[in-house]
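What follows is data.cif (mmCIF, C-alpha atoms).
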```
data_upload
loop_
_atom_site.label_atom_id
_atom_site.label_comp_id
_atom_site.auth_asym_id
_atom_site.auth_seq_id
_atom_site.Cartn_x
_atom_site.Cartn_y
_atom_site.Cartn_z
CA MET A 25 -147.52 135.96 -5.81
CA LEU A 26 -150.67 137.88 -6.61
CA GLY A 27 -153.13 135.42 -5.09
CA PHE A 28 -155.59 133.08 -6.70
CA LEU A 29 -157.64 135.84 -8.30
CA GLY A 30 -154.71 137.08 -10.36
CA GLN A 31 -152.09 134.36 -10.43
CA GLU A 32 -151.34 133.85 -14.06
CA PRO A 33 -150.23 136.52 -16.52
CA GLY A 34 -153.19 137.52 -18.62
CA SER A 35 -155.73 136.46 -16.03
CA GLU A 36 -157.08 139.95 -15.46
CA ALA A 37 -160.51 138.56 -16.14
CA VAL A 38 -160.13 136.14 -13.24
CA MET A 39 -159.14 139.03 -11.01
CA GLU A 40 -162.25 140.92 -12.08
CA VAL A 41 -164.38 138.15 -10.55
CA GLY A 42 -163.06 139.15 -7.14
CA LYS A 43 -163.89 142.86 -7.43
CA ASN A 44 -166.98 144.32 -5.84
CA ASP A 45 -169.68 146.06 -7.81
CA ARG A 46 -171.10 149.45 -6.80
CA ASN A 47 -173.41 148.19 -4.07
CA GLY A 48 -170.66 146.01 -2.50
CA ALA A 49 -172.43 142.74 -3.26
CA GLY A 50 -169.58 141.60 -5.48
CA ALA A 51 -169.67 140.28 -9.00
CA MET A 52 -168.50 136.84 -7.95
CA ASP A 53 -170.59 134.86 -10.41
CA PRO A 54 -168.17 133.71 -13.12
CA ARG A 55 -171.09 133.02 -15.45
CA VAL A 56 -171.93 136.74 -15.46
CA SER A 57 -168.32 137.84 -15.86
CA GLY A 58 -167.63 135.34 -18.65
CA ILE A 59 -164.84 133.54 -16.78
CA PRO A 60 -164.93 129.75 -16.89
CA VAL A 61 -165.71 128.43 -13.41
CA GLN A 62 -163.02 125.77 -13.73
CA GLN A 63 -160.38 128.46 -14.24
CA VAL A 64 -161.41 130.17 -10.98
CA VAL A 65 -161.58 126.84 -9.11
CA ARG A 66 -158.19 125.74 -10.46
CA ALA A 67 -156.58 129.05 -9.46
CA ALA A 68 -158.10 128.84 -5.97
CA HIS A 69 -156.97 125.22 -5.64
CA ASP A 70 -153.41 126.09 -6.66
CA GLU A 71 -153.34 128.96 -4.16
CA LEU A 72 -154.68 126.72 -1.38
CA ARG A 73 -152.05 124.05 -2.08
CA LEU A 74 -149.29 126.65 -1.98
CA LEU A 75 -150.56 128.10 1.29
CA MET A 76 -150.87 124.65 2.88
CA ARG A 77 -147.27 123.85 1.88
CA GLN A 78 -146.09 127.19 3.28
CA ARG A 79 -148.02 126.58 6.50
CA GLY A 80 -146.25 123.24 6.94
CA GLU A 81 -142.86 124.88 6.43
CA ILE A 82 -143.73 127.66 8.86
CA MET A 83 -144.96 125.20 11.52
CA LYS A 84 -141.69 123.27 11.23
CA ARG A 85 -139.72 126.48 11.65
CA ILE A 86 -141.86 127.52 14.64
CA GLY A 87 -141.26 124.09 16.17
CA THR A 88 -137.50 124.43 15.77
CA VAL A 89 -137.41 127.92 17.27
CA LYS A 90 -139.65 126.92 20.20
CA GLN A 91 -137.45 123.90 20.91
CA THR A 92 -134.35 126.09 20.82
CA ILE A 93 -135.86 128.63 23.23
CA ALA A 94 -137.15 125.90 25.56
CA GLY A 95 -133.68 124.30 25.54
CA LEU A 96 -132.06 127.61 26.42
CA ALA A 97 -134.57 128.12 29.23
CA ASN A 98 -133.82 124.61 30.51
CA LEU A 99 -130.10 125.36 30.52
CA PHE A 100 -130.13 128.89 31.92
CA GLY A 101 -133.51 129.11 33.65
CA ASP A 102 -136.75 130.77 32.66
CA ASP A 103 -135.37 134.05 34.08
CA VAL A 104 -133.37 134.65 30.88
CA LEU A 105 -136.61 134.88 28.91
CA GLY A 106 -139.04 137.77 29.07
CA GLU A 107 -142.65 137.21 30.10
CA ASP A 108 -143.91 137.57 26.53
CA LEU A 109 -141.44 134.93 25.32
CA LEU A 110 -142.37 132.57 28.15
CA GLU A 111 -145.98 132.93 27.10
CA LEU A 112 -145.14 132.22 23.46
CA ILE A 113 -143.48 128.93 24.37
CA ASP A 114 -146.27 128.00 26.83
CA ARG A 115 -144.13 128.29 29.99
CA LYS A 116 -145.52 131.41 31.62
CA PRO A 117 -147.31 130.68 34.88
CA ASN A 118 -150.54 132.61 34.73
CA GLY A 119 -152.25 131.51 37.92
CA ARG A 120 -154.72 129.22 36.21
CA GLN A 121 -154.71 125.60 35.17
CA PRO A 122 -152.91 125.31 31.84
CA GLY A 123 -154.98 123.87 29.03
CA PHE A 124 -154.83 120.20 28.28
CA THR A 125 -153.69 120.75 24.69
CA LYS A 126 -151.09 123.25 25.85
CA ALA A 127 -149.74 120.76 28.41
CA CYS A 128 -149.55 117.94 25.82
CA ARG A 129 -147.85 120.30 23.38
CA LEU A 130 -145.23 121.24 25.98
CA VAL A 131 -144.52 117.60 26.90
CA LEU A 132 -144.07 116.69 23.24
CA MET A 133 -141.99 119.78 22.48
CA GLU A 134 -139.56 119.07 25.33
CA ALA A 135 -139.24 115.33 24.66
CA ARG A 136 -135.93 114.13 23.27
CA LEU A 137 -137.52 111.12 21.56
CA PRO A 138 -140.95 110.38 20.08
CA LEU A 139 -143.49 109.52 22.79
CA GLY A 140 -146.48 107.22 22.92
CA ALA A 141 -149.79 108.34 24.41
CA ARG A 142 -149.06 106.37 27.59
CA GLU A 143 -145.71 108.14 28.02
CA VAL A 144 -147.35 111.53 27.51
CA CYS A 145 -149.94 110.59 30.18
CA GLN A 146 -147.17 109.57 32.56
CA GLU A 147 -145.34 112.85 31.99
CA LEU A 148 -148.56 114.83 32.52
CA GLU A 149 -149.14 112.87 35.72
CA ARG A 150 -145.62 113.75 36.87
CA ARG A 151 -145.90 117.46 35.99
CA ALA A 152 -149.53 118.28 36.75
CA SER A 153 -151.57 115.31 37.90
CA ASP A 154 -154.67 117.45 38.48
CA ILE A 155 -154.96 118.07 34.74
CA LEU A 156 -155.73 114.39 34.12
CA VAL A 157 -158.42 114.20 36.84
CA ARG A 158 -160.86 116.10 34.62
CA HIS A 159 -160.73 113.39 31.94
CA LYS A 160 -162.67 110.12 32.11
CA ASP A 161 -160.19 108.36 29.84
CA PRO A 162 -156.87 110.26 29.90
CA MET A 163 -155.29 107.98 27.27
CA ALA A 164 -158.11 108.69 24.82
CA SER A 165 -157.91 112.42 25.55
CA VAL A 166 -154.14 112.49 25.05
CA THR A 167 -154.41 110.48 21.82
CA THR A 168 -157.06 112.90 20.53
CA VAL A 169 -154.89 115.92 21.34
CA LEU A 170 -151.79 114.34 19.77
CA ASN A 171 -153.74 113.60 16.59
CA ARG A 172 -154.97 117.19 16.51
CA LEU A 173 -151.40 118.43 16.85
CA VAL A 174 -150.61 116.31 13.78
CA GLU A 175 -153.53 117.94 11.93
CA TYR A 176 -152.24 121.39 12.95
CA GLY A 177 -148.82 120.50 11.55
CA GLU A 178 -147.18 120.81 14.99
CA ALA A 179 -146.44 117.10 15.46
CA ARG A 180 -145.98 114.00 13.38
CA SER A 181 -147.13 110.45 14.03
CA LEU A 182 -144.70 107.56 13.58
CA THR A 183 -144.52 103.86 14.30
CA ASN A 184 -141.72 102.78 16.60
CA ASP A 185 -139.62 99.62 16.28
CA ARG A 186 -142.22 97.66 18.27
CA GLY A 187 -145.02 98.69 15.93
CA ARG A 188 -146.53 101.14 18.41
CA ARG A 189 -147.72 104.58 17.48
CA VAL A 190 -145.61 107.46 18.77
CA TRP A 191 -145.63 111.22 18.21
CA GLU A 192 -142.87 113.77 17.93
CA TRP A 193 -142.81 117.54 17.82
CA VAL A 194 -142.24 118.80 14.30
CA SER A 195 -138.98 120.60 13.82
CA GLU A 196 -136.74 121.00 10.86
CA THR A 197 -134.22 118.29 10.11
CA GLU A 198 -130.53 119.04 10.46
CA SER A 199 -130.20 119.48 6.71
CA GLY A 200 -133.22 121.77 6.48
CA ALA A 201 -132.44 123.83 9.59
CA ASP A 202 -129.91 125.94 7.74
CA GLN A 203 -132.30 126.83 4.98
CA ILE A 204 -134.70 129.73 5.21
CA PRO A 205 -137.95 129.05 3.35
CA SER A 206 -137.79 130.82 0.02
CA GLN A 207 -139.89 133.88 -0.57
CA VAL A 208 -142.44 133.71 -3.35
CA THR A 209 -142.25 136.70 -5.63
CA ALA A 210 -144.71 137.89 -8.19
#
```
Let me see the structure of the file written as structure tokens.
Amino acid sequence: MLGFLGQEPGSEAVMEVGKNDRNGAGAMDPRVSGIPVQQVVRAAHDELRLLMRQRGEIMKRIGTVKQTIAGLANLFGDDVLGEDLLELIDRKPNGRQPGFTKACRLVLMEARLPLGAREVCQELERRASDILVRHKDPMASVTTVLNRLVEYGEARSLTNDRGRRVWEWVSETESGADQIPSQVTA
């Protein structure tokens, strides 16, 4: 894929909008270049949609790989992982209080089933009770973080059989786990 400034065959004029002029200011004004603004906006919109879809696929794949590595570490101990890998899956002790978001992410990632905010709070209390002390309303803080993880594409929000909201770490489904996201070619 060439990017939004040169997506379609014959859109050399659209690509020209993205080139800089001599002084580096850029000839970005489509009215000057003769390119319809809607064509530039449409191309940018299409590119953004594609990138957002790819980001979702990548986040699912990252979730699956992190879960796999965390599972291996649970089975064989953190010793089998290098320090850089421990850091990547948020398990490296670094001598400081782990971040609240990082702690919520780890609880969700290691959970076997979707969890409610109360269950995440309970697990945080069990693992690192001092992390909750800094929050006036831990439930509200956990809910906020879980919703952000949904926005980041790292988690998904569901409703359980009792109508309560729960969250689960995003990973690929069994059917999608065998598929590698396709490469986009120009």
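The set of protein, DNA and RNA residues with any counted atom at most 10 Å from (-142.8, 127.4, 15.2) (all atoms listed in the file) reads Gly80, Glu81, Ile82, Met83, Lys84, Arg85, Ile86, Gly87, Thr88, Val89, Lys90, Gln91, Leu112, Ile113, Gly177, Glu178, Val194, Ser195 and Glu196 of chain A.
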Length of the CA of Arg151 (chain A) to CA of Phe124 (chain A) vector [Å]: 12.1 Å
Coordinates-based distance that separates CA of Arg180 (chain A) from CA of Gly140 (chain A) (Å, one decimal): 11.7 Å
Contacts of region 155-158 of chain A at 8 Å (all atoms listed in the file; same-chain gap of 5+ positions) as a ChimeraX atom specification: /A:121,124,145,148-149
Write the residues you've just listed into a file as a tab-separated table (two decimals), in the coordinates of the input, and include C-alpha atoms for each of them.
```tsv
chain	number	residue	atom	x	y	z
A	121	GLN	CA	-154.71	125.60	35.17
A	124	PHE	CA	-154.83	120.20	28.28
A	145	CYS	CA	-149.94	110.59	30.18
A	148	LEU	CA	-148.56	114.83	32.52
A	149	GLU	CA	-149.14	112.87	35.72
```
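Here CA of Trp191 (chain A) and CA of Leu132 (chain A) stand 7.6 Å from one another.
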